[in-house]
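First up is the structure itself, then whatever we jot down about it.
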Amino acid sequence: MLKILIFSGGTGSIALQTGLHDLYGDAVRTDIIISAYDNGKSTGACRKVFDGKILGPSDLRKNQLTQFKLRYGIGKSTAAEDKTLLHELFDERFDKGSWQEAYAYVTKKIDRTFDRMAECGFTSAANDRKRDILRRLTDHFFFSSRAETGRKVRKTVKGMSFTDFSISNLFYAAAAAANGNSLGLAGEQMADILEIPDCVHLISDRNLYLHAETRSGYTITDEGDIVAWDCPEDPITGISLHDEQGNKCVPSMDEGNRTGTSCRKLIAEADIIVFSSGTQWSSLIPTYVHSGLRKALEKSPARKYLVMNNAEDHDMKGVGAAELLGIVEHYIRLSGVSIVLNTCAQAGMNSLSSGSHYRILRGELGESSNPRHNPVKLAGIILRDYFADYLEAKYYFFDFDDTIWSSSKSELCRKYSRLNLKGIYRGFAGKSLVISGNSADHFAALGQEFRDAARTVGLPGACMDVYCNGGNCHYEMKDGTLSPKRSLCSDFNLDKDFPVLSEKIREALENEGWNMDRVNFENRGDCILSIKLLPDREKAKRVIDDTILRVFRTPKYSAQVNGNTTIDVMDSRYDKRMCAERVCRELEFAPGEVVYVGDGTEKGNDRNLAGAGFRVLGIRDIFDFHCFITTCIMTEKT
């Protein structure tokens with residue numbers, strides 16, 4: 001699964017997260033890294049309630065609610081009523097003049113929400129547990145002791161005005177305080193309540209406060225004032241972080257992290273890293289200043305992108321694209337980073353010098369009057385660039401199992417396997433074929449799936465060429481029926497050697513402790529002896545190769561580890577590369593004009609295709625394949 005890591009503020013990456021979800025759904029893993037030094041409005045009030053010992057929850061809340069909305073289709077007619085009600089609760093803002101009014105309002109709102117869920121038929125122990133947790137967190141926010149010991153109102157909520165107050169900031173803040181002042185652990189708890197992946201991570205869980213310095217030497221000590229600075233005559237020139245005693249410090253990445261997820265690991269494992277648009281001085285640069293981040297980013301092999309804002313933010317009023325990048329480069333290295341520019345952005349934010357040392361991606365990504373990018377266009381331009389070397393080819397060869405079709409029968413894997421088949425018919429009809437180590441019987445058993453996919457996209461009766469049994473046996477899949485055409489390489493058939501070969505290998509494996517049966521041995525098109533369900537396959541391969549030498553006195557046949565469970569035995573001169581080259585010649589294409597997509601390009605039977613000149617896209621699973629074909633189809637349409 002493609003791993004995309006986004007450095008974000010609170011709302012700056014909403015368009016990107018939305019675009020990735022709308023295009024690729026659950027086929028990508030999206031993680032978001034944020035800082036949490038917010039200190040304005042209800043966020044600042046929440047920090048004061050707990051004596052300034054917790055981080056600001058608003059950016060964590062905003063990103064988790066974005067993920068919740070996307071996951072459950074909030075705002076769409078298909079959204080479940082219980083999820084819609086839960087979102088309404090977490091999205092609620094209220095105005096109350098006293099803590100008594102606020103407490104009464106919040107507790108009643110919680111109860112009304114879950115009572116309404118029950119009225120709609122969503123009665124469950126899980127919802128009862130959620131109600132109880134949120135009620136307890138509300139009590140923890142307003143009271144310093146529990147009811148059974150005589151509740152004592154927190155001094156910090158007395159006299160406090162609850163104006164434009166986010167109800168879920170209250171939940172997050174109380175959860176942080178209840179978990180040893182850890183906002184990271186609060187995020188885990190809220191993700192559990194919202195039933196979303198825990199994919200929003202703090203760059204650091206150390207409680208600090210953000211200050212900014214302006215050109216004139218003035219120090220802004222409130223993060224809310226930084227956000228709204230709006231003063232090009234005296235612009236912000238730098239930021240600093242301070243502990244509860246006011247001491248300036250430079251925090252380290254992952255400092256104070258008590259969750260099971262390391263930002264350093266996320267960076268190391270990411271395929272794509274995106275520095276999102278958003279407020280730079282108040283949200284993004286406070287993340288970039290963390291010690292260890294710059295080095296981790298430089299070591300990361302991920303493709304990196306920085307999304308330029310559509311308009312000047314209040315904290316950088318008068319600062320254009322080039323100057324903004326100059327500021328950011330003090331904190332993170334931009335060499336090799338692709339800068340994503342909206343050509344329709346406001347003047348000053350839509351152009352950069354072509355002589356810059358970073359790459360520039362330009363596109364019409366939204367209207368200049370809209371500070372947010374078009375979600376699909378933004379996600380699309382990044383993924384098109386990521387797959388750019390493979391998008392335009394005269395022909396495509398696709399592997400099948402665990403590339404197009406998953407060997408897992410889970411509901412999610414079946415869903416994306418079927419989407420992949422539809423995608424091939426929709427976007428690659430007439431310019432693709434399947435070349436696979438799978439047996440003809442395997443494809444025949446999936447005939448109905450092929451038939452349904454073709455009909456769903458309006459192509460009933462469409463033909464798909466399938467080269468199975470390692471690529472040697474050419475079949476035609478049409479309207480759910482698999483029909484044999486020919487053998488590519490009849491001179492490499494096992495013929496009369498199959499019985500003795502299978503029997504001697506079975507005996508040798510049993511002598512070495514494997515419990516084998518004849519059903520584990522399959523003759524695939526008279527060219528491959530396929531042996532399934534072997535543990536410790538590397539050891540088994542050595543036993544098989546030794547047996548072949550003993551029986552035939554020459555390495556006439558060889559064993560190859562393929563897929564997740566199989567060892568294939570075939571003529572030593574025969575492999576998928578040879579079949580692919582022969583098919584390529586028959587189609588009158590040069591290998592460089594063909595893209596091969598498969599999951600076995602490092603260790604499996606696809607690994608030597610690049611040596612033949614094919615453009616080989618190695619993927620990990622069906623989800624990567626879905627991202628690729630979706631991007632291809634989108635590219636053709638745009």
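Scheme for the structure tokens: letters A, B, ... for chains in order shown; per-chain residue numbers from 1; ligand numbers from 1 in order shown.
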With only C-alpha atoms as the counted atoms, please give the residues lying no more than 9 Å from Pro535 of chain A, apart from itself and same-chain residues fewer than 4 positions off, as a tab-separated table (two decimals) with C-alpha atoms, in the first residue's frame.
```
chain	number	residue	atom	x	y	z
A	514	TRP	CA	8.00	-31.98	4.45
A	539	LYS	CA	15.56	-24.60	1.84
A	540	ALA	CA	13.01	-26.52	-0.25
A	565	THR	CA	3.45	-20.03	-1.31
```
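Near Val595 of chain A, within 6 Å and counting only C-alpha atoms, sit Tyr396, Arg615 and Val616 of chain A; same-chain residues fewer than 2 positions away were not included.
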Using only C-alpha atoms for the distances, tell me which of A:Tyr24, A:Phe428, A:Phe162, A:Phe623 is nearest to Thr403 of chain A.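 The closest residue to Thr403 of chain A is A:Phe623.
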Near-Ser439 of chain A list (7 Å; only C-alpha atoms; drop same-chain fewer than 5 positions) as a ChimeraX atom specification: /A:468-469,524
Would you kindly return, as a PyMOL selection string, each protein, DNA or RNA residue with an atom no farther than 10 Å from any atom of Leu341 of chain A, considering only C-alpha atoms and excluding same-chain residues fewer than 2 positions away? chain A and resi 306-310+321+338-339+343-345+349-352+360-365+378
Which of segment 554-589 of chain A counts as strand (DSSP E) under DSSP, as a ChimeraX atom specification please? /A:557-562,566-571
Include all heavy atoms and write out the residues we just selected as a PDB file, in the first residue's frame.
```
ATOM      1  N   TYR A 557      16.361 -28.751 -15.511  1.00  0.00           N
ATOM      2  CA  TYR A 557      15.260 -27.987 -14.922  1.00  0.00           C
ATOM      3  C   TYR A 557      15.780 -27.241 -13.697  1.00  0.00           C
ATOM      4  O   TYR A 557      16.778 -27.647 -13.082  1.00  0.00           O
ATOM      5  CB  TYR A 557      14.104 -28.911 -14.525  1.00  0.00           C
ATOM      6  CG  TYR A 557      13.544 -29.707 -15.677  1.00  0.00           C
ATOM      7  CD1 TYR A 557      13.816 -31.068 -15.797  1.00  0.00           C
ATOM      8  CD2 TYR A 557      12.756 -29.104 -16.651  1.00  0.00           C
ATOM      9  CE1 TYR A 557      13.306 -31.811 -16.863  1.00  0.00           C
ATOM     10  CE2 TYR A 557      12.236 -29.834 -17.714  1.00  0.00           C
ATOM     11  CZ  TYR A 557      12.521 -31.186 -17.818  1.00  0.00           C
ATOM     12  OH  TYR A 557      12.028 -31.916 -18.859  1.00  0.00           O
ATOM     13  N   SER A 558      15.091 -26.178 -13.336  1.00  0.00           N
ATOM     14  CA  SER A 558      15.488 -25.415 -12.149  1.00  0.00           C
ATOM     15  C   SER A 558      14.245 -24.985 -11.382  1.00  0.00           C
ATOM     16  O   SER A 558      13.156 -24.857 -11.945  1.00  0.00           O
ATOM     17  CB  SER A 558      16.323 -24.195 -12.536  1.00  0.00           C
ATOM     18  OG  SER A 558      15.565 -23.317 -13.356  1.00  0.00           O
ATOM     19  N   ALA A 559      14.442 -24.774 -10.087  1.00  0.00           N
ATOM     20  CA  ALA A 559      13.346 -24.356  -9.203  1.00  0.00           C
ATOM     21  C   ALA A 559      13.403 -22.847  -8.982  1.00  0.00           C
ATOM     22  O   ALA A 559      14.482 -22.262  -8.892  1.00  0.00           O
ATOM     23  CB  ALA A 559      13.433 -25.089  -7.872  1.00  0.00           C
ATOM     24  N   GLN A 560      12.218 -22.246  -8.875  1.00  0.00           N
ATOM     25  CA  GLN A 560      12.145 -20.798  -8.675  1.00  0.00           C
ATOM     26  C   GLN A 560      11.063 -20.487  -7.656  1.00  0.00           C
ATOM     27  O   GLN A 560       9.935 -20.984  -7.752  1.00  0.00           O
ATOM     28  CB  GLN A 560      11.824 -20.110 -10.010  1.00  0.00           C
ATOM     29  CG  GLN A 560      11.835 -18.596  -9.944  1.00  0.00           C
ATOM     30  CD  GLN A 560      11.795 -17.992 -11.336  1.00  0.00           C
ATOM     31  OE1 GLN A 560      12.749 -18.068 -12.093  1.00  0.00           O
ATOM     32  NE2 GLN A 560      10.666 -17.402 -11.675  1.00  0.00           N
ATOM     33  N   VAL A 561      11.407 -19.674  -6.661  1.00  0.00           N
ATOM     34  CA  VAL A 561      10.454 -19.257  -5.635  1.00  0.00           C
ATOM     35  C   VAL A 561       9.575 -18.154  -6.208  1.00  0.00           C
ATOM     36  O   VAL A 561      10.067 -17.112  -6.650  1.00  0.00           O
ATOM     37  CB  VAL A 561      11.185 -18.753  -4.375  1.00  0.00           C
ATOM     38  CG1 VAL A 561      10.189 -18.190  -3.372  1.00  0.00           C
ATOM     39  CG2 VAL A 561      12.002 -19.880  -3.757  1.00  0.00           C
ATOM     40  N   ASN A 562       8.269 -18.374  -6.212  1.00  0.00           N
ATOM     41  CA  ASN A 562       7.333 -17.399  -6.787  1.00  0.00           C
ATOM     42  C   ASN A 562       6.144 -17.177  -5.866  1.00  0.00           C
ATOM     43  O   ASN A 562       5.757 -18.059  -5.091  1.00  0.00           O
ATOM     44  CB  ASN A 562       6.821 -17.871  -8.161  1.00  0.00           C
ATOM     45  CG  ASN A 562       7.888 -17.750  -9.225  1.00  0.00           C
ATOM     46  OD1 ASN A 562       8.672 -16.811  -9.220  1.00  0.00           O
ATOM     47  ND2 ASN A 562       7.931 -18.716 -10.140  1.00  0.00           N
ATOM     48  N   THR A 566       4.517 -20.637  -3.433  1.00  0.00           N
ATOM     49  CA  THR A 566       4.782 -21.585  -4.514  1.00  0.00           C
ATOM     50  C   THR A 566       6.267 -21.676  -4.877  1.00  0.00           C
ATOM     51  O   THR A 566       7.005 -20.705  -4.776  1.00  0.00           O
ATOM     52  CB  THR A 566       3.987 -21.168  -5.768  1.00  0.00           C
ATOM     53  OG1 THR A 566       2.607 -21.063  -5.422  1.00  0.00           O
ATOM     54  CG2 THR A 566       4.153 -22.170  -6.903  1.00  0.00           C
ATOM     55  N   ILE A 567       6.653 -22.879  -5.300  1.00  0.00           N
ATOM     56  CA  ILE A 567       7.920 -23.076  -6.018  1.00  0.00           C
ATOM     57  C   ILE A 567       7.576 -23.660  -7.377  1.00  0.00           C
ATOM     58  O   ILE A 567       6.830 -24.642  -7.477  1.00  0.00           O
ATOM     59  CB  ILE A 567       8.867 -24.018  -5.257  1.00  0.00           C
ATOM     60  CG1 ILE A 567       9.389 -23.327  -3.989  1.00  0.00           C
ATOM     61  CG2 ILE A 567      10.031 -24.430  -6.143  1.00  0.00           C
ATOM     62  CD1 ILE A 567      10.344 -24.180  -3.182  1.00  0.00           C
ATOM     63  N   ASP A 568       8.085 -23.044  -8.441  1.00  0.00           N
ATOM     64  CA  ASP A 568       7.859 -23.528  -9.802  1.00  0.00           C
ATOM     65  C   ASP A 568       9.125 -24.181 -10.332  1.00  0.00           C
ATOM     66  O   ASP A 568      10.231 -23.644 -10.193  1.00  0.00           O
ATOM     67  CB  ASP A 568       7.465 -22.366 -10.730  1.00  0.00           C
ATOM     68  CG  ASP A 568       6.068 -21.841 -10.433  1.00  0.00           C
ATOM     69  OD1 ASP A 568       5.269 -22.593  -9.864  1.00  0.00           O
ATOM     70  OD2 ASP A 568       5.792 -20.681 -10.775  1.00  0.00           O
ATOM     71  N   VAL A 569       8.945 -25.354 -10.949  1.00  0.00           N
ATOM     72  CA  VAL A 569      10.047 -26.067 -11.581  1.00  0.00           C
ATOM     73  C   VAL A 569       9.805 -26.033 -13.079  1.00  0.00           C
ATOM     74  O   VAL A 569       8.721 -26.388 -13.556  1.00  0.00           O
ATOM     75  CB  VAL A 569      10.147 -27.519 -11.074  1.00  0.00           C
ATOM     76  CG1 VAL A 569      11.283 -28.253 -11.777  1.00  0.00           C
ATOM     77  CG2 VAL A 569      10.335 -27.546  -9.561  1.00  0.00           C
ATOM     78  N   MET A 570      10.813 -25.601 -13.848  1.00  0.00           N
ATOM     79  CA  MET A 570      10.643 -25.468 -15.290  1.00  0.00           C
ATOM     80  C   MET A 570      11.981 -25.636 -15.977  1.00  0.00           C
ATOM     81  O   MET A 570      13.029 -25.733 -15.333  1.00  0.00           O
ATOM     82  CB  MET A 570      10.047 -24.100 -15.620  1.00  0.00           C
ATOM     83  CG  MET A 570      10.918 -22.931 -15.199  1.00  0.00           C
ATOM     84  SD  MET A 570      10.047 -21.351 -15.241  1.00  0.00           S
ATOM     85  CE  MET A 570       9.104 -21.474 -13.725  1.00  0.00           C
ATOM     86  N   ASP A 571      11.933 -25.708 -17.294  1.00  0.00           N
ATOM     87  CA  ASP A 571      13.154 -25.762 -18.081  1.00  0.00           C
ATOM     88  C   ASP A 571      14.051 -24.595 -17.677  1.00  0.00           C
ATOM     89  O   ASP A 571      13.592 -23.462 -17.520  1.00  0.00           O
ATOM     90  CB  ASP A 571      12.801 -25.661 -19.573  1.00  0.00           C
ATOM     91  CG  ASP A 571      13.989 -25.962 -20.467  1.00  0.00           C
ATOM     92  OD1 ASP A 571      14.949 -25.164 -20.453  1.00  0.00           O
ATOM     93  OD2 ASP A 571      13.946 -26.961 -21.196  1.00  0.00           O
TER      94      ASP A 571
END
```
Length of the atom CA of Arg550 of chain A to atom CA of Leu533 of chain A vector [Å]: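 We find that atom CA of Arg550 of chain A and atom CA of Leu533 of chain A lie 23.9 Å from each other.
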Within 12 Å of Glu392 of chain A, counting only C-alpha atoms, which residues show up once you throw out same-chain ones fewer than 5 positions away? Write them as a PDB file with C-alpha atoms, in the first residue's frame, please.
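result_23.pdb, freshly written:
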```pdb
ATOM      1  CA  ARG A 384       0.871  11.780 -11.853  1.00  0.00           C
ATOM      2  CA  ASP A 385       4.355  13.042 -11.163  1.00  0.00           C
ATOM      3  CA  PHE A 387       4.092   7.596 -11.624  1.00  0.00           C
ATOM      4  CA  PHE A 428      -6.364  -0.308 -20.919  1.00  0.00           C
ATOM      5  CA  LYS A 431      -3.353  -1.914 -25.096  1.00  0.00           C
ATOM      6  CA  GLY A 592      11.185   0.168 -23.950  1.00  0.00           C
ATOM      7  CA  GLU A 593       7.734   0.920 -25.346  1.00  0.00           C
ATOM      8  CA  VAL A 594       6.124  -1.543 -22.920  1.00  0.00           C
ATOM      9  CA  VAL A 595       5.508  -1.071 -19.188  1.00  0.00           C
ATOM     10  CA  ARG A 615       9.989  -0.266 -18.168  1.00  0.00           C
ATOM     11  CA  PHE A 628      -1.367   3.299 -10.633  1.00  0.00           C
ATOM     12  CA  ILE A 629      -4.257   2.424 -12.927  1.00  0.00           C
ATOM     13  CA  THR A 631      -3.740   7.667 -12.056  1.00  0.00           C
ATOM     14  CA  CYS A 632      -3.363   6.388 -15.637  1.00  0.00           C
ATOM     15  CA  ILE A 633      -7.092   6.669 -16.299  1.00  0.00           C
ATOM     16  CA  THR A 635      -4.290  11.234 -16.883  1.00  0.00           C
ATOM     17  CA  GLU A 636      -6.017  10.123 -20.069  1.00  0.00           C
TER      18      GLU A 636
END
```
When distances are computed from only C-alpha atoms, which of A:Ile54, A:Tyr103, A:Gly217, A:Thr78 shows the smallest separation from Ala175 of chain A? A:Ile54
Would you kindly return, as number ranges by chain, each protein, DNA or RNA residue with an atom no farther than 9 Å from any atom of Cys579 of chain A, considering only C-alpha atoms and excluding same-chain residues fewer than 5 positions away? A: 435, 467, 470-472, 488-489, 574, 584
Selection to disk with all heavy atoms, as an mmCIF file, in the first residue's frame:
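To be explicit, this is the file written out as again29.cif:
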```cif
data_model
loop_
_atom_site.group_PDB
_atom_site.id
_atom_site.type_symbol
_atom_site.label_atom_id
_atom_site.label_comp_id
_atom_site.auth_asym_id
_atom_site.auth_seq_id
_atom_site.Cartn_x
_atom_site.Cartn_y
_atom_site.Cartn_z
ATOM 1 N N ILE A 435 0.253 -11.337 -18.179
ATOM 2 C CA ILE A 435 1.258 -12.388 -18.314
ATOM 3 C C ILE A 435 1.603 -12.857 -16.910
ATOM 4 O O ILE A 435 2.112 -12.102 -16.100
ATOM 5 C CB ILE A 435 2.492 -11.897 -19.104
ATOM 6 C CG1 ILE A 435 3.514 -13.018 -19.261
ATOM 7 C CG2 ILE A 435 3.100 -10.652 -18.509
ATOM 8 C CD1 ILE A 435 4.586 -12.718 -20.298
ATOM 9 N N TYR A 467 -1.719 -14.647 -20.829
ATOM 10 C CA TYR A 467 -0.609 -15.572 -20.994
ATOM 11 C C TYR A 467 -0.301 -16.132 -19.608
ATOM 12 O O TYR A 467 0.264 -15.451 -18.753
ATOM 13 C CB TYR A 467 0.621 -14.868 -21.567
ATOM 14 C CG TYR A 467 0.452 -14.456 -23.013
ATOM 15 C CD1 TYR A 467 -0.239 -13.305 -23.351
ATOM 16 C CD2 TYR A 467 0.973 -15.239 -24.042
ATOM 17 C CE1 TYR A 467 -0.413 -12.934 -24.677
ATOM 18 C CE2 TYR A 467 0.811 -14.882 -25.369
ATOM 19 C CZ TYR A 467 0.116 -13.729 -25.682
ATOM 20 O OH TYR A 467 -0.046 -13.369 -27.003
ATOM 21 N N GLY A 470 3.214 -19.130 -16.335
ATOM 22 C CA GLY A 470 4.508 -18.487 -16.502
ATOM 23 C C GLY A 470 4.603 -17.654 -17.757
ATOM 24 O O GLY A 470 5.656 -17.116 -18.077
ATOM 25 N N GLY A 471 3.506 -17.531 -18.483
ATOM 26 C CA GLY A 471 3.494 -16.759 -19.721
ATOM 27 C C GLY A 471 3.519 -17.611 -20.967
ATOM 28 O O GLY A 471 3.401 -17.090 -22.081
ATOM 29 N N ASN A 472 3.601 -18.919 -20.817
ATOM 30 C CA ASN A 472 3.788 -19.769 -21.979
ATOM 31 C C ASN A 472 2.491 -20.086 -22.722
ATOM 32 O O ASN A 472 2.516 -20.291 -23.941
ATOM 33 C CB ASN A 472 4.450 -21.085 -21.550
ATOM 34 C CG ASN A 472 4.829 -21.952 -22.737
ATOM 35 O OD1 ASN A 472 5.397 -21.458 -23.709
ATOM 36 N ND2 ASN A 472 4.508 -23.229 -22.662
ATOM 37 N N LEU A 488 3.311 -20.653 -26.485
ATOM 38 C CA LEU A 488 4.381 -19.809 -27.029
ATOM 39 C C LEU A 488 5.637 -20.618 -27.304
ATOM 40 O O LEU A 488 6.274 -20.466 -28.335
ATOM 41 C CB LEU A 488 4.722 -18.697 -26.027
ATOM 42 C CG LEU A 488 4.015 -17.358 -26.119
ATOM 43 C CD1 LEU A 488 4.575 -16.417 -25.065
ATOM 44 C CD2 LEU A 488 4.173 -16.742 -27.499
ATOM 45 N N CYS A 489 5.997 -21.475 -26.343
ATOM 46 C CA CYS A 489 7.301 -22.127 -26.381
ATOM 47 C C CYS A 489 7.138 -23.628 -26.167
ATOM 48 O O CYS A 489 7.438 -24.142 -25.087
ATOM 49 C CB CYS A 489 8.218 -21.544 -25.316
ATOM 50 S SG CYS A 489 8.227 -19.743 -25.241
ATOM 51 N N TYR A 574 13.832 -21.369 -19.484
ATOM 52 C CA TYR A 574 12.495 -20.796 -19.642
ATOM 53 C C TYR A 574 12.141 -19.920 -18.444
ATOM 54 O O TYR A 574 12.300 -20.319 -17.301
ATOM 55 C CB TYR A 574 11.480 -21.929 -19.778
ATOM 56 C CG TYR A 574 10.031 -21.540 -19.676
ATOM 57 C CD1 TYR A 574 9.474 -20.632 -20.559
ATOM 58 C CD2 TYR A 574 9.211 -22.098 -18.695
ATOM 59 C CE1 TYR A 574 8.129 -20.295 -20.472
ATOM 60 C CE2 TYR A 574 7.864 -21.763 -18.596
ATOM 61 C CZ TYR A 574 7.333 -20.852 -19.492
ATOM 62 O OH TYR A 574 6.015 -20.507 -19.404
ATOM 63 N N CYS A 584 6.348 -9.492 -26.978
ATOM 64 C CA CYS A 584 6.682 -8.124 -27.389
ATOM 65 C C CYS A 584 7.074 -8.090 -28.860
ATOM 66 O O CYS A 584 6.642 -7.204 -29.618
ATOM 67 C CB CYS A 584 7.825 -7.600 -26.518
ATOM 68 S SG CYS A 584 8.003 -5.819 -26.521
#
```
Taking 6 positions as the minimum chain separation for residues in the same chain, which residues sit within 9 Å of Ile273 of chain A when counting only C-alpha atoms? Answer as a list in words. Lys3, Ile4, Leu5, Ile6, Phe7, Ile267, Leu297, Ala302, Arg303, Lys304, Tyr305 and Leu306 of chain A
Can you work out which one of A:Leu412, A:Val250, A:Ala173, A:Ala125 has the shortest atom-to-atom distance to Asp139 of chain A, counting only C-alpha atoms?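 Closest residue, counting only C-alpha atoms: A:Ala173.
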Atom pair atom CA of Tyr37 of chain A / atom CA of Asp222 of chain A: separation (Å):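 Spanning atom CA of Tyr37 of chain A to atom CA of Asp222 of chain A is a straight-line distance of 9.9 Å.
Pairwise distance (atom CA of Asp115 of chain A, atom CA of Lys69 of chain A) equals 21.4 Å.
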With distances taken over only C-alpha atoms, which of A:Ser35, A:Thr84, A:Asn493, A:Asn207 is nearest to Asp51 of chain A?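 Counting only C-alpha atoms, the residue closest to Asp51 of chain A is A:Asn207.
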Using only C-alpha atoms, which of A:Ala379, A:Val519, A:Leu293, A:Ile203 sits nearest Asp22 of chain A? A:Ala379
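Backbone DSSP of segment 295-403 of chain A yields alpha helix (DSSP H) at Lys295, Ala296, Leu297, Glu298, Lys299, Ala321, Ala322, Glu323, Leu324, Leu325, Gly326, Ile327, Val328, Pro375, Val376, Lys377, Leu378, Ala379, Gly380, Ile381, Ile382, Leu383, Arg384, Asp385 and Tyr386 of chain A.
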Those residues you just picked out, can you put them in a file as a CSV table (one decimal), in the first residue's frame with N, CA, C and O atoms?
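Result file result_4.csv:
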```csv
chain,number,residue,atom,x,y,z
A,295,LYS,N,17.5,16.1,9.1
A,295,LYS,CA,18.4,15.0,8.8
A,295,LYS,C,17.5,13.8,8.4
A,295,LYS,O,17.9,13.1,7.4
A,296,ALA,N,16.4,13.5,9.1
A,296,ALA,CA,15.6,12.4,8.8
A,296,ALA,C,15.0,12.6,7.4
A,296,ALA,O,14.9,11.6,6.6
A,297,LEU,N,14.6,13.8,7.0
A,297,LEU,CA,14.1,14.0,5.7
A,297,LEU,C,15.1,13.8,4.6
A,297,LEU,O,14.8,13.3,3.5
A,298,GLU,N,16.3,14.3,4.9
A,298,GLU,CA,17.4,14.1,3.9
A,298,GLU,C,17.8,12.7,3.6
A,298,GLU,O,18.1,12.3,2.5
A,299,LYS,N,17.6,11.8,4.7
A,299,LYS,CA,17.9,10.4,4.5
A,299,LYS,C,16.8,9.6,3.9
A,299,LYS,O,17.0,8.5,3.3
A,321,ALA,N,5.9,33.7,-3.3
A,321,ALA,CA,6.3,32.3,-3.4
A,321,ALA,C,7.8,32.1,-3.2
A,321,ALA,O,8.2,31.3,-2.4
A,322,ALA,N,8.6,32.9,-3.9
A,322,ALA,CA,10.0,32.7,-3.9
A,322,ALA,C,10.6,33.1,-2.5
A,322,ALA,O,11.4,32.4,-1.9
A,323,GLU,N,10.0,34.2,-1.9
A,323,GLU,CA,10.5,34.6,-0.5
A,323,GLU,C,10.0,33.5,0.5
A,323,GLU,O,10.8,33.2,1.4
A,324,LEU,N,8.8,33.0,0.3
A,324,LEU,CA,8.3,32.0,1.3
A,324,LEU,C,9.3,30.8,1.3
A,324,LEU,O,9.6,30.2,2.3
A,325,LEU,N,9.7,30.3,0.1
A,325,LEU,CA,10.5,29.2,0.0
A,325,LEU,C,11.9,29.5,0.6
A,325,LEU,O,12.5,28.6,1.2
A,326,GLY,N,12.4,30.7,0.4
A,326,GLY,CA,13.6,31.1,1.1
A,326,GLY,C,13.6,31.0,2.6
A,326,GLY,O,14.5,30.6,3.2
A,327,ILE,N,12.4,31.3,3.1
A,327,ILE,CA,12.2,31.2,4.6
A,327,ILE,C,12.2,29.7,5.0
A,327,ILE,O,12.8,29.3,6.0
A,328,VAL,N,11.4,28.9,4.3
A,328,VAL,CA,11.2,27.5,4.6
A,328,VAL,C,12.6,26.8,4.6
A,328,VAL,O,12.9,25.9,5.4
A,375,PRO,N,-9.4,19.6,-4.7
A,375,PRO,CA,-8.8,18.4,-4.1
A,375,PRO,C,-8.3,17.3,-5.1
A,375,PRO,O,-7.2,16.9,-5.0
A,376,VAL,N,-9.2,17.0,-6.1
A,376,VAL,CA,-8.8,16.0,-7.0
A,376,VAL,C,-7.6,16.4,-7.9
A,376,VAL,O,-6.7,15.7,-8.2
A,377,LYS,N,-7.6,17.7,-8.3
A,377,LYS,CA,-6.5,18.2,-9.1
A,377,LYS,C,-5.2,18.2,-8.3
A,377,LYS,O,-4.1,17.9,-8.9
A,378,LEU,N,-5.3,18.6,-7.1
A,378,LEU,CA,-4.1,18.7,-6.3
A,378,LEU,C,-3.5,17.3,-6.0
A,378,LEU,O,-2.3,17.0,-6.3
A,379,ALA,N,-4.3,16.3,-5.6
A,379,ALA,CA,-3.8,15.0,-5.4
A,379,ALA,C,-3.4,14.4,-6.7
A,379,ALA,O,-2.3,13.7,-6.8
A,380,GLY,N,-4.1,14.7,-7.8
A,380,GLY,CA,-3.8,14.1,-9.1
A,380,GLY,C,-2.4,14.6,-9.6
A,380,GLY,O,-1.6,13.8,-10.2
A,381,ILE,N,-2.1,15.8,-9.5
A,381,ILE,CA,-0.8,16.3,-10.0
A,381,ILE,C,0.4,15.7,-9.3
A,381,ILE,O,1.4,15.4,-9.9
A,382,ILE,N,0.2,15.4,-8.0
A,382,ILE,CA,1.3,14.8,-7.3
A,382,ILE,C,1.5,13.3,-7.7
A,382,ILE,O,2.6,12.8,-7.9
A,383,LEU,N,0.4,12.6,-7.8
A,383,LEU,CA,0.4,11.2,-8.1
A,383,LEU,C,0.8,11.0,-9.6
A,383,LEU,O,1.5,10.0,-9.9
A,384,ARG,N,0.4,11.9,-10.5
A,384,ARG,CA,0.9,11.8,-11.9
A,384,ARG,C,2.4,12.0,-11.9
A,384,ARG,O,3.0,11.3,-12.7
A,385,ASP,N,2.9,12.9,-11.2
A,385,ASP,CA,4.4,13.0,-11.2
A,385,ASP,C,5.1,11.8,-10.6
A,385,ASP,O,6.1,11.4,-11.1
A,386,TYR,N,4.5,11.3,-9.5
A,386,TYR,CA,5.1,10.1,-8.9
A,386,TYR,C,5.2,8.9,-9.9
A,386,TYR,O,6.2,8.2,-9.9
```
